[in-house]
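Taking it in order: structure first as structure tokens, then the write-up.
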There are 2 protein chains.
Amino acid sequence: MQNNTAPTMPRNRLAAMILCLGMFSPALLPTGAWAKELPNKPTLADVIKASSAADWRPLDADNTVYLELASGRVVIELAPAFAPDHVDNVKALAREGYFDGLFILRSQDNYVVQWGDPDKRHAIKTAKKTVALEMSRPYDGKFEFARLPDADGYAPQVGFANGFPAARDPKTHRAWLAHCYGMVGAGRGNAADSGVGTELYVVIGQSPRHLDRNVVLLGRVMSGMELLSTLQRGTGALGFYEKPEQYVPIKAMRVAADVPSAERSDLEVMRTDTATFKNVVEAQRNRGGEWFKEQAGYVNLCNVPIVVRARKQ
Amino acid sequence: MQNNTAPTMPRNRLAAMILCLGMFSPALLPTGAWAKELPNKPTLADVIKASSAADWRPLDADNTVYLELASGRVVIELAPAFAPDHVDNVKALAREGYFDGLFILRSQDNYVVQWGDPDKRHAIKTAKKTVALEMSRPYDGKFEFARLPDADGYAPQVGFANGFPAARDPKTHRAWLAHCYGMVGAGRGNAADSGVGTELYVVIGQSPRHLDRNVVLLGRVMSGMELLSTLQRGTGALGFYEKPEQYVPIKAMRVAADVPSAERSDLEVMRTDTATFKNVVEAQRNRGGEWFKEQAGYVNLCNVPIVVRARKQ
């Protein structure tokens with residue numbers, strides 16, 4: 001990681017992503033000691049540094065899409081294990097050029113950014129106009145689910161499924177993705193099955209977990225999140241932009257596998273079914289380093305970092 | 001509220017703030033019915049509409065500061081009940097002009113925005129150079145604490161204290177503010193008591209509750225949050241801006257009581273010790289309206305909206 005200079009994610013930006021350890025204030029000198037000293041334990045940075053190649057997997061190019069904006073590229077890995085029909089349809093829409101020339105229409109502070117077709121200028125060609133309801137999926141016990149021992153208010157059990165935050169209910173034997181920061185879903189109208197992937201939204205604030213199982217989640221932003229989270233907020237109801245000139249144009253949305261190798265974002269994500277990831281979780285649950293004075297002893301599902309980085313060349 | 005046209009918060013922006021109800025997609029027509037219908041119950045908008053004047057209080061001008069940026073005003077109400085010495089010092093710093101001409105230095109995605117004095121150009125004049133440690137305060141039973149019945153992973157009990165999200169521990173008889181979206185704290189160095197209010201940060205992402213009792217929280221952004229949350233992210237470690245020309249200048253930071261009435265932001269915040277606020281919480285815990293299909297049956301402390309609006313004239 002130290003030698004990583006791949007252009008898709010500069011090392012300094014990567015550092016900013018993973019080193020969310022505290023508010024170091026360089027202008028302030030220590031002026032006193034704290035009453036107690038916490039044990040010296042590995043920080044998140046320590047755990048990542050100690051990880052091996054086997055702790056990471058490359059993004060799945062067949063199930064990754066690039067949202068190309070004038071400001072740069074947003075990389076979204078899709079989750080076919082949870083929403084296979086929606087994922088297929090988003091890929092079909094991308095491949096038929098449905099999103100190209102459309103717009104980001106909505107930016108609601110502490111909630112979501114959303115894109116789509118405000119005035120139905122694009123007809124669906126080859127993609128489906130209705131897809132299966134995929135609010136949750138059967139949990140058969142074979143499906144990867146690295147359970148987080150920490151309790152959760154919104155679901156009986158929470159954990160991670162191949163790099164995605166998820167939840168499950170042992171009574172109903174159902175599992176579903178969770179609305180954490182950076183998760184991507186299919187906006188819909190009042191009918192539960194009216195979201196077919198033509199309107200996509202990304203969570204940009206406090207996790208709106210009350211949306212779980214109310215909207216189909218289908219992926220997670222793996223890079224370029226700041227291109228969405230810093231968009232000017234819309235001043236209309238629900239954060240929609242009020243004037244068409246405020247819309248943010250989408251240059252293109254493409255499936256990574258269709259993009260020449262040299263133009264792809266070569267990223268890898270930390271596996272979530274490993275001992276190393278358990279160490280990541282623990283480093284977040286009980287912080288080490290000199291800065292922290294109180295350990296939380298708990299971590300919320302949406303506060304666990306699922307680390308993404310550029311692959312070593 | 002319908003007639004509210006005060007310039008500090010246009011009605012459409014207010015609507016965007018309070019109507020976080022769902023992802024209505026106007027381009028999509030309903031194409032099917034959901035298997036079950038949820039009971040028709042009040043939405044957040046309904047509860048706010050039914051509120052009375054007694055459910056609101058004006059911001060406390062003696063304990064409100066304005067952070068004036070070229071892009072507009074950020075209104076921060078301070079919390080003297082929790083951090084009296086820090087609040088006093090921030091007000092003293094504002095009154096001596098300490099922040100005027102300084103900069104926002106840091107914008108870390110999904111974490112915090114922070115401002116201060118990067119190269120010690122401003123000396124402290126009348127304000128204190130050391131202040132009491134105020135990570136938590138004694139909870140004496142008389143202090144307002146409207147307890148949220150929903151369980152929390154980070155604290156034995158959580159709730160609201162005069163419009164601020166808070167936590168308490170009945171064993172230690174201590175209470176403290178919680179790191180929810182929009183909360184403002186005093187950045188510090190490695191020494192616990194090294195934050196005196198010269199470096200302030202605001203939470204702009206998923207609530208970093210592991211910071212609770214590790215940094216002194218002293219207030220909450222009541223208006224203008226989007227001016228901070230949309231700032232370009234810093235590419236240095238911890239989201240610090242790497243080049244001085246990226247710094248965002250602070251025109252001034254002033255105590256509201258020192259500002260002529262006509263220039264003040266005339267806001268009111270919903271009281272958190274009322275039956276109406278319990279209805280707000282319930283409307284968030286179990287959503288009504290036509291859009292929702294599954295009720296969460298739970299609400300996280302940091303997902304409860306503490307509504308702010310322009311006062312009726």
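By order in the structure tokens, chains are A, B, ...; within a chain, residues start at 1; ligands start at 1, following the order shown.
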Gly182 of chain A: which residues within 12 Å, counting only C-alpha atoms, same-chain residues fewer than 2 positions away excluded, as a PDB file with N, CA, C and O atoms, in the first residue's frame?
ATOM      1  N   VAL A  74     -17.300   7.496 -10.624  1.00  0.00           N
ATOM      2  CA  VAL A  74     -17.815   6.820  -9.437  1.00  0.00           C
ATOM      3  C   VAL A  74     -17.855   5.327  -9.751  1.00  0.00           C
ATOM      4  O   VAL A  74     -18.458   4.921 -10.751  1.00  0.00           O
ATOM      5  N   VAL A  75     -17.188   4.516  -8.935  1.00  0.00           N
ATOM      6  CA  VAL A  75     -17.125   3.070  -9.147  1.00  0.00           C
ATOM      7  C   VAL A  75     -18.122   2.397  -8.205  1.00  0.00           C
ATOM      8  O   VAL A  75     -18.043   2.563  -6.991  1.00  0.00           O
ATOM      9  N   ILE A  76     -19.040   1.640  -8.789  1.00  0.00           N
ATOM     10  CA  ILE A  76     -20.080   0.964  -8.004  1.00  0.00           C
ATOM     11  C   ILE A  76     -19.975  -0.538  -8.238  1.00  0.00           C
ATOM     12  O   ILE A  76     -20.078  -0.995  -9.385  1.00  0.00           O
ATOM     13  N   GLU A  77     -19.760  -1.293  -7.172  1.00  0.00           N
ATOM     14  CA  GLU A  77     -19.818  -2.749  -7.329  1.00  0.00           C
ATOM     15  C   GLU A  77     -21.241  -3.201  -7.035  1.00  0.00           C
ATOM     16  O   GLU A  77     -21.852  -2.789  -6.039  1.00  0.00           O
ATOM     17  N   ASN A 110     -27.705  14.939   4.119  1.00  0.00           N
ATOM     18  CA  ASN A 110     -27.791  13.882   5.132  1.00  0.00           C
ATOM     19  C   ASN A 110     -28.746  12.772   4.709  1.00  0.00           C
ATOM     20  O   ASN A 110     -29.324  12.093   5.548  1.00  0.00           O
ATOM     21  N   TYR A 111     -28.909  12.564   3.396  1.00  0.00           N
ATOM     22  CA  TYR A 111     -29.831  11.517   2.968  1.00  0.00           C
ATOM     23  C   TYR A 111     -29.339  10.809   1.702  1.00  0.00           C
ATOM     24  O   TYR A 111     -28.582   9.844   1.815  1.00  0.00           O
ATOM     25  N   VAL A 112     -29.731  11.286   0.539  1.00  0.00           N
ATOM     26  CA  VAL A 112     -29.355  10.583  -0.696  1.00  0.00           C
ATOM     27  C   VAL A 112     -29.077  11.542  -1.841  1.00  0.00           C
ATOM     28  O   VAL A 112     -29.561  12.674  -1.867  1.00  0.00           O
ATOM     29  N   VAL A 113     -28.278  11.038  -2.795  1.00  0.00           N
ATOM     30  CA  VAL A 113     -28.136  11.628  -4.127  1.00  0.00           C
ATOM     31  C   VAL A 113     -28.781  10.641  -5.094  1.00  0.00           C
ATOM     32  O   VAL A 113     -28.661   9.419  -4.913  1.00  0.00           O
ATOM     33  N   GLN A 114     -29.487  11.149  -6.084  1.00  0.00           N
ATOM     34  CA  GLN A 114     -30.248  10.260  -6.966  1.00  0.00           C
ATOM     35  C   GLN A 114     -30.140  10.718  -8.411  1.00  0.00           C
ATOM     36  O   GLN A 114     -30.107  11.915  -8.687  1.00  0.00           O
ATOM     37  N   PHE A 164     -20.378  -6.485   1.511  1.00  0.00           N
ATOM     38  CA  PHE A 164     -21.547  -5.606   1.639  1.00  0.00           C
ATOM     39  C   PHE A 164     -22.135  -5.724   3.044  1.00  0.00           C
ATOM     40  O   PHE A 164     -22.258  -6.843   3.568  1.00  0.00           O
ATOM     41  N   PRO A 165     -22.533  -4.602   3.652  1.00  0.00           N
ATOM     42  CA  PRO A 165     -23.210  -4.679   4.954  1.00  0.00           C
ATOM     43  C   PRO A 165     -24.605  -5.266   4.763  1.00  0.00           C
ATOM     44  O   PRO A 165     -25.324  -4.878   3.840  1.00  0.00           O
ATOM     45  N   ALA A 178     -28.079  -3.611   3.822  1.00  0.00           N
ATOM     46  CA  ALA A 178     -28.388  -2.553   4.791  1.00  0.00           C
ATOM     47  C   ALA A 178     -28.015  -1.176   4.236  1.00  0.00           C
ATOM     48  O   ALA A 178     -26.991  -1.023   3.557  1.00  0.00           O
ATOM     49  N   HIS A 179     -28.855  -0.183   4.558  1.00  0.00           N
ATOM     50  CA  HIS A 179     -28.657   1.189   4.068  1.00  0.00           C
ATOM     51  C   HIS A 179     -27.549   1.914   4.815  1.00  0.00           C
ATOM     52  O   HIS A 179     -27.812   2.825   5.608  1.00  0.00           O
ATOM     53  N   CYS A 180     -26.299   1.528   4.567  1.00  0.00           N
ATOM     54  CA  CYS A 180     -25.156   2.253   5.118  1.00  0.00           C
ATOM     55  C   CYS A 180     -24.659   3.285   4.092  1.00  0.00           C
ATOM     56  O   CYS A 180     -25.064   3.266   2.933  1.00  0.00           O
ATOM     57  N   VAL A 184     -26.062   1.684  -2.710  1.00  0.00           N
ATOM     58  CA  VAL A 184     -26.792   2.122  -3.906  1.00  0.00           C
ATOM     59  C   VAL A 184     -28.084   1.327  -4.026  1.00  0.00           C
ATOM     60  O   VAL A 184     -28.067   0.095  -3.882  1.00  0.00           O
ATOM     61  N   GLY A 185     -29.182   2.025  -4.305  1.00  0.00           N
ATOM     62  CA  GLY A 185     -30.470   1.353  -4.435  1.00  0.00           C
ATOM     63  C   GLY A 185     -31.253   1.854  -5.627  1.00  0.00           C
ATOM     64  O   GLY A 185     -30.878   2.821  -6.295  1.00  0.00           O
ATOM     65  N   TYR A 201     -30.127   5.649  -6.441  1.00  0.00           N
ATOM     66  CA  TYR A 201     -29.761   6.594  -5.381  1.00  0.00           C
ATOM     67  C   TYR A 201     -28.604   6.032  -4.573  1.00  0.00           C
ATOM     68  O   TYR A 201     -28.381   4.822  -4.535  1.00  0.00           O
ATOM     69  N   VAL A 202     -27.877   6.938  -3.936  1.00  0.00           N
ATOM     70  CA  VAL A 202     -26.740   6.577  -3.088  1.00  0.00           C
ATOM     71  C   VAL A 202     -26.914   7.266  -1.738  1.00  0.00           C
ATOM     72  O   VAL A 202     -27.240   8.455  -1.678  1.00  0.00           O
ATOM     73  N   VAL A 203     -26.685   6.533  -0.657  1.00  0.00           N
ATOM     74  CA  VAL A 203     -26.781   7.098   0.702  1.00  0.00           C
ATOM     75  C   VAL A 203     -25.578   8.006   0.946  1.00  0.00           C
ATOM     76  O   VAL A 203     -24.424   7.576   0.800  1.00  0.00           O
ATOM     77  N   ILE A 204     -25.825   9.268   1.338  1.00  0.00           N
ATOM     78  CA  ILE A 204     -24.731  10.233   1.563  1.00  0.00           C
ATOM     79  C   ILE A 204     -24.703  10.768   2.990  1.00  0.00           C
ATOM     80  O   ILE A 204     -24.007  11.746   3.265  1.00  0.00           O
ATOM     81  N   GLY A 205     -25.461  10.164   3.915  1.00  0.00           N
ATOM     82  CA  GLY A 205     -25.471  10.694   5.282  1.00  0.00           C
ATOM     83  C   GLY A 205     -25.624   9.584   6.307  1.00  0.00           C
ATOM     84  O   GLY A 205     -25.278   8.429   6.042  1.00  0.00           O
ATOM     85  N   GLN A 206     -26.125   9.968   7.471  1.00  0.00           N
ATOM     86  CA  GLN A 206     -26.447   8.995   8.518  1.00  0.00           C
ATOM     87  C   GLN A 206     -27.271   7.861   7.906  1.00  0.00           C
ATOM     88  O   GLN A 206     -28.227   8.105   7.178  1.00  0.00           O
ATOM     89  N   SER A 207     -26.901   6.642   8.217  1.00  0.00           N
ATOM     90  CA  SER A 207     -27.536   5.475   7.585  1.00  0.00           C
ATOM     91  C   SER A 207     -29.057   5.464   7.794  1.00  0.00           C
ATOM     92  O   SER A 207     -29.511   5.351   8.936  1.00  0.00           O
ATOM     93  N   PRO A 208     -29.834   5.548   6.724  1.00  0.00           N
ATOM     94  CA  PRO A 208     -31.308   5.540   6.846  1.00  0.00           C
ATOM     95  C   PRO A 208     -31.813   4.099   6.842  1.00  0.00           C
ATOM     96  O   PRO A 208     -32.456   3.649   5.895  1.00  0.00           O
ATOM     97  N   LEU A 217     -31.810  -2.536  -2.525  1.00  0.00           N
ATOM     98  CA  LEU A 217     -30.399  -2.161  -2.614  1.00  0.00           C
ATOM     99  C   LEU A 217     -29.710  -3.118  -3.573  1.00  0.00           C
ATOM    100  O   LEU A 217     -30.024  -4.317  -3.607  1.00  0.00           O
ATOM    101  N   LEU A 218     -28.760  -2.607  -4.328  1.00  0.00           N
ATOM    102  CA  LEU A 218     -28.149  -3.453  -5.353  1.00  0.00           C
ATOM    103  C   LEU A 218     -26.651  -3.268  -5.502  1.00  0.00           C
ATOM    104  O   LEU A 218     -26.040  -3.902  -6.366  1.00  0.00           O
ATOM    105  N   GLY A 219     -26.026  -2.426  -4.673  1.00  0.00           N
ATOM    106  CA  GLY A 219     -24.582  -2.264  -4.802  1.00  0.00           C
ATOM    107  C   GLY A 219     -24.031  -1.255  -3.815  1.00  0.00           C
ATOM    108  O   GLY A 219     -24.745  -0.768  -2.932  1.00  0.00           O
ATOM    109  N   ARG A 220     -22.742  -0.962  -3.978  1.00  0.00           N
ATOM    110  CA  ARG A 220     -22.061  -0.040  -3.051  1.00  0.00           C
ATOM    111  C   ARG A 220     -21.014   0.762  -3.827  1.00  0.00           C
ATOM    112  O   ARG A 220     -20.313   0.211  -4.690  1.00  0.00           O
ATOM    113  N   VAL A 221     -20.911   2.034  -3.516  1.00  0.00           N
ATOM    114  CA  VAL A 221     -19.875   2.874  -4.118  1.00  0.00           C
ATOM    115  C   VAL A 221     -18.530   2.479  -3.534  1.00  0.00           C
ATOM    116  O   VAL A 221     -18.351   2.465  -2.313  1.00  0.00           O
ATOM    117  N   MET A 222     -17.592   2.143  -4.400  1.00  0.00           N
ATOM    118  CA  MET A 222     -16.277   1.683  -3.957  1.00  0.00           C
ATOM    119  C   MET A 222     -15.212   2.767  -4.123  1.00  0.00           C
ATOM    120  O   MET A 222     -14.139   2.680  -3.530  1.00  0.00           O
ATOM    121  N   SER A 223     -15.485   3.743  -4.947  1.00  0.00           N
ATOM    122  CA  SER A 223     -14.527   4.831  -5.176  1.00  0.00           C
ATOM    123  C   SER A 223     -15.293   5.998  -5.799  1.00  0.00           C
ATOM    124  O   SER A 223     -16.263   5.802  -6.533  1.00  0.00           O
ATOM    125  N   GLY A 224     -14.838   7.216  -5.497  1.00  0.00           N
ATOM    126  CA  GLY A 224     -15.477   8.398  -6.089  1.00  0.00           C
ATOM    127  C   GLY A 224     -16.675   8.894  -5.313  1.00  0.00           C
ATOM    128  O   GLY A 224     -17.430   9.736  -5.794  1.00  0.00           O
ATOM    129  N   MET A 225     -16.842   8.392  -4.091  1.00  0.00           N
ATOM    130  CA  MET A 225     -18.006   8.786  -3.286  1.00  0.00           C
ATOM    131  C   MET A 225     -18.088  10.305  -3.110  1.00  0.00           C
ATOM    132  O   MET A 225     -19.161  10.896  -3.109  1.00  0.00           O
ATOM    133  N   GLU A 226     -16.897  10.932  -2.977  1.00  0.00           N
ATOM    134  CA  GLU A 226     -16.880  12.379  -2.712  1.00  0.00           C
ATOM    135  C   GLU A 226     -17.420  13.180  -3.897  1.00  0.00           C
ATOM    136  O   GLU A 226     -17.821  14.345  -3.726  1.00  0.00           O
ATOM    137  N   LEU A 227     -17.457  12.585  -5.098  1.00  0.00           N
ATOM    138  CA  LEU A 227     -18.016  13.297  -6.253  1.00  0.00           C
ATOM    139  C   LEU A 227     -19.530  13.448  -6.094  1.00  0.00           C
ATOM    140  O   LEU A 227     -20.130  14.373  -6.646  1.00  0.00           O
ATOM    141  N   LEU A 228     -20.142  12.530  -5.352  1.00  0.00           N
ATOM    142  CA  LEU A 228     -21.585  12.588  -5.114  1.00  0.00           C
ATOM    143  C   LEU A 228     -21.909  13.344  -3.827  1.00  0.00           C
ATOM    144  O   LEU A 228     -22.807  14.175  -3.791  1.00  0.00           O
ATOM    145  N   SER A 229     -21.142  13.066  -2.773  1.00  0.00           N
ATOM    146  CA  SER A 229     -21.492  13.624  -1.463  1.00  0.00           C
ATOM    147  C   SER A 229     -21.299  15.133  -1.393  1.00  0.00           C
ATOM    148  O   SER A 229     -21.887  15.782  -0.529  1.00  0.00           O
ATOM    149  N   CYS A 302     -22.923   0.115  10.393  1.00  0.00           N
ATOM    150  CA  CYS A 302     -22.578   1.119   9.380  1.00  0.00           C
ATOM    151  C   CYS A 302     -21.341   1.945   9.750  1.00  0.00           C
ATOM    152  O   CYS A 302     -20.940   2.820   8.990  1.00  0.00           O
ATOM    153  N   ASN A 303     -20.752   1.666  10.907  1.00  0.00           N
ATOM    154  CA  ASN A 303     -19.492   2.324  11.271  1.00  0.00           C
ATOM    155  C   ASN A 303     -18.273   1.437  11.022  1.00  0.00           C
ATOM    156  O   ASN A 303     -17.147   1.842  11.296  1.00  0.00           O
ATOM    157  N   PRO A 305     -15.590   0.020   8.676  1.00  0.00           N
ATOM    158  CA  PRO A 305     -15.069   0.347   7.344  1.00  0.00           C
ATOM    159  C   PRO A 305     -14.831  -0.921   6.522  1.00  0.00           C
ATOM    160  O   PRO A 305     -14.222  -1.869   7.015  1.00  0.00           O
ATOM    161  N   ILE A 306     -15.348  -0.925   5.313  1.00  0.00           N
ATOM    162  CA  ILE A 306     -15.034  -2.012   4.374  1.00  0.00           C
ATOM    163  C   ILE A 306     -14.059  -1.386   3.385  1.00  0.00           C
ATOM    164  O   ILE A 306     -14.432  -0.622   2.498  1.00  0.00           O
TER     165      ILE A 306
ATOM    166  N   ASP B 109     -14.452  12.977   3.949  1.00  0.00           N
ATOM    167  CA  ASP B 109     -15.731  12.392   3.539  1.00  0.00           C
ATOM    168  C   ASP B 109     -16.263  11.434   4.596  1.00  0.00           C
ATOM    169  O   ASP B 109     -15.522  10.631   5.169  1.00  0.00           O
ATOM    170  N   ASN B 110     -17.573  11.540   4.818  1.00  0.00           N
ATOM    171  CA  ASN B 110     -18.270  10.668   5.783  1.00  0.00           C
ATOM    172  C   ASN B 110     -17.711  10.816   7.196  1.00  0.00           C
ATOM    173  O   ASN B 110     -17.773   9.878   7.985  1.00  0.00           O
ATOM    174  N   GLY B 205     -21.152  13.001   8.395  1.00  0.00           N
ATOM    175  CA  GLY B 205     -21.472  11.682   7.834  1.00  0.00           C
ATOM    176  C   GLY B 205     -22.128  10.791   8.866  1.00  0.00           C
ATOM    177  O   GLY B 205     -22.736  11.270   9.828  1.00  0.00           O
ATOM    178  N   GLN B 206     -22.012   9.493   8.640  1.00  0.00           N
ATOM    179  CA  GLN B 206     -22.491   8.499   9.602  1.00  0.00           C
ATOM    180  C   GLN B 206     -21.973   8.865  10.992  1.00  0.00           C
ATOM    181  O   GLN B 206     -20.796   9.177  11.172  1.00  0.00           O
TER     182      GLN B 206
END
_So that I can check the surroundings of Gly159 of chain B, please list as a VMD selection string every protein, DNA and RNA residue that reaches within 9 Å of it, counting only C-alpha atoms and ignoring chain neighbours fewer than 4 positions away._
chain B and resid 145 to 149 164 to 168 272 301
*Closest to chain B among A:Phe143, A:Tyr66, A:Phe292, A:Trp176, using only C-alpha atoms?*
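Counting only C-alpha atoms, the residue closest to chain B is A:Phe292.
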_I'd like to know which of A:Ala256, A:Leu102, A:Val269, A:Leu200 is closest to chain B, using only C-alpha atoms._
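Answer, going by the shortest atom-to-atom distance: A:Leu200.
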Which segment 194-234 of chain B residues have any atom within 9 Å of an atom of segment 124-132 of chain B, and for each, what is the nearest pair of atoms with distance in Å to one decimal, counting only C-alpha atoms, rows sorted by chain and number, as JSON lines?
{"residue": "B:Ser194", "atom": "CA", "partner": "B:Thr130", "partner_atom": "CA", "distance": 7.3}
{"residue": "B:Gly195", "atom": "CA", "partner": "B:Thr130", "partner_atom": "CA", "distance": 8.0}
{"residue": "B:Val196", "atom": "CA", "partner": "B:Val131", "partner_atom": "CA", "distance": 5.9}
{"residue": "B:Gly197", "atom": "CA", "partner": "B:Val131", "partner_atom": "CA", "distance": 9.0}
{"residue": "B:Thr198", "atom": "CA", "partner": "B:Ile124", "partner_atom": "CA", "distance": 8.7}
*Looking only at the backbone, which of the residues in segment 29-251 of chain A does DSSP tag as helix (DSSP H, G or I), as a PyMOL selection string?*
chain A and resi 44-49+53-55+61-63+84-95+209-211+225-229+237-239+244-246
Can I get the selection written as a compact mmCIF listing (two decimals), in the first residue's frame, with N, CA and C atoms?
# COMPACT_ATOMS: atom_id res chain seq x y z
N LEU A 44 -6.65 0.65 13.05
CA LEU A 44 -7.10 0.21 11.73
C LEU A 44 -5.93 0.21 10.75
N ALA A 45 -5.13 1.25 10.80
CA ALA A 45 -3.98 1.33 9.89
C ALA A 45 -3.02 0.17 10.13
N ASP A 46 -2.81 -0.19 11.41
CA ASP A 46 -1.93 -1.32 11.73
C ASP A 46 -2.48 -2.62 11.13
N VAL A 47 -3.78 -2.82 11.27
CA VAL A 47 -4.40 -4.06 10.78
C VAL A 47 -4.28 -4.16 9.26
N ILE A 48 -4.52 -3.05 8.59
CA ILE A 48 -4.43 -3.05 7.12
C ILE A 48 -2.99 -3.31 6.69
N LYS A 49 -2.07 -2.70 7.40
CA LYS A 49 -0.66 -2.88 7.06
C LYS A 49 -0.23 -4.34 7.22
N ALA A 53 -2.13 -10.64 0.91
CA ALA A 53 -2.84 -10.59 -0.37
C ALA A 53 -4.16 -11.36 -0.31
N ALA A 54 -4.17 -12.44 0.48
CA ALA A 54 -5.37 -13.27 0.56
C ALA A 54 -6.52 -12.57 1.26
N ASP A 55 -6.24 -11.46 1.93
CA ASP A 55 -7.29 -10.72 2.62
C ASP A 55 -8.08 -9.81 1.68
N ALA A 61 -15.37 -7.32 -12.29
CA ALA A 61 -15.59 -6.43 -13.44
C ALA A 61 -16.93 -6.66 -14.11
N ASP A 62 -17.42 -7.91 -14.05
CA ASP A 62 -18.72 -8.21 -14.67
C ASP A 62 -19.88 -7.61 -13.88
N ASN A 63 -19.60 -7.27 -12.63
CA ASN A 63 -20.65 -6.72 -11.78
C ASN A 63 -20.23 -5.41 -11.14
N PRO A 84 -30.34 -10.14 -8.00
CA PRO A 84 -29.86 -10.56 -9.32
C PRO A 84 -30.63 -9.92 -10.49
N ASP A 85 -31.93 -9.81 -10.37
CA ASP A 85 -32.70 -9.25 -11.49
C ASP A 85 -32.45 -7.75 -11.64
N HIS A 86 -32.36 -7.06 -10.51
CA HIS A 86 -32.06 -5.62 -10.59
C HIS A 86 -30.66 -5.37 -11.14
N VAL A 87 -29.71 -6.19 -10.70
CA VAL A 87 -28.34 -6.03 -11.19
C VAL A 87 -28.31 -6.28 -12.70
N ASP A 88 -28.97 -7.35 -13.13
CA ASP A 88 -29.02 -7.62 -14.57
C ASP A 88 -29.63 -6.44 -15.32
N ASN A 89 -30.66 -5.86 -14.74
CA ASN A 89 -31.33 -4.78 -15.46
C ASN A 89 -30.49 -3.50 -15.49
N VAL A 90 -29.81 -3.22 -14.39
CA VAL A 90 -28.94 -2.03 -14.39
C VAL A 90 -27.82 -2.21 -15.43
N LYS A 91 -27.28 -3.41 -15.53
CA LYS A 91 -26.24 -3.68 -16.53
C LYS A 91 -26.83 -3.55 -17.95
N ALA A 92 -28.02 -4.07 -18.13
CA ALA A 92 -28.66 -3.96 -19.46
C ALA A 92 -28.93 -2.49 -19.80
N LEU A 93 -29.39 -1.73 -18.81
CA LEU A 93 -29.64 -0.30 -19.03
C LEU A 93 -28.33 0.41 -19.37
N ALA A 94 -27.27 0.10 -18.63
CA ALA A 94 -25.98 0.72 -18.91
C ALA A 94 -25.52 0.36 -20.33
N ARG A 95 -25.68 -0.90 -20.68
CA ARG A 95 -25.19 -1.37 -21.99
C ARG A 95 -25.98 -0.80 -23.15
N ARG A 209 -31.53 3.40 7.94
CA ARG A 209 -31.82 1.96 7.99
C ARG A 209 -33.32 1.65 7.95
N HIS A 210 -34.14 2.65 8.25
CA HIS A 210 -35.59 2.44 8.14
C HIS A 210 -36.01 2.16 6.70
N LEU A 211 -35.10 2.44 5.75
CA LEU A 211 -35.39 2.12 4.34
C LEU A 211 -35.12 0.64 4.02
N MET A 225 -16.84 8.39 -4.09
CA MET A 225 -18.01 8.79 -3.29
C MET A 225 -18.09 10.31 -3.11
N GLU A 226 -16.90 10.93 -2.98
CA GLU A 226 -16.88 12.38 -2.71
C GLU A 226 -17.42 13.18 -3.90
N LEU A 227 -17.46 12.58 -5.10
CA LEU A 227 -18.02 13.30 -6.25
C LEU A 227 -19.53 13.45 -6.09
N LEU A 228 -20.14 12.53 -5.35
CA LEU A 228 -21.58 12.59 -5.11
C LEU A 228 -21.91 13.34 -3.83
N SER A 229 -21.14 13.07 -2.77
CA SER A 229 -21.49 13.62 -1.46
C SER A 229 -21.30 15.13 -1.39
N ALA A 237 -38.45 20.17 -2.82
CA ALA A 237 -38.88 19.13 -1.88
C ALA A 237 -38.05 17.89 -2.11
N LEU A 238 -37.66 17.22 -1.01
CA LEU A 238 -36.85 16.00 -1.04
C LEU A 238 -35.47 16.21 -1.64
N GLY A 239 -35.04 17.47 -1.76
CA GLY A 239 -33.70 17.72 -2.27
C GLY A 239 -33.58 17.63 -3.78
N PRO A 244 -33.67 22.88 -14.24
CA PRO A 244 -32.92 21.92 -15.07
C PRO A 244 -31.45 22.29 -15.22
N GLU A 245 -31.11 23.58 -15.17
CA GLU A 245 -29.70 23.94 -15.32
C GLU A 245 -28.87 23.52 -14.10
N GLN A 246 -29.55 23.12 -13.03
CA GLN A 246 -28.82 22.61 -11.86
C GLN A 246 -28.51 21.12 -11.98
*Glu282 of chain A: which residues within 12 Å, counting only C-alpha atoms, same-chain residues fewer than 3 positions away excluded, as a PyMOL selection string?*
chain A and resi 41-44+46-47+148-150+275-279+285-288+295-300+303-305
*To one decimal in Å, tell me the separation between atom CA of Val248 of chain A and atom CA of Ser71 of chain A.*
10.0 Å
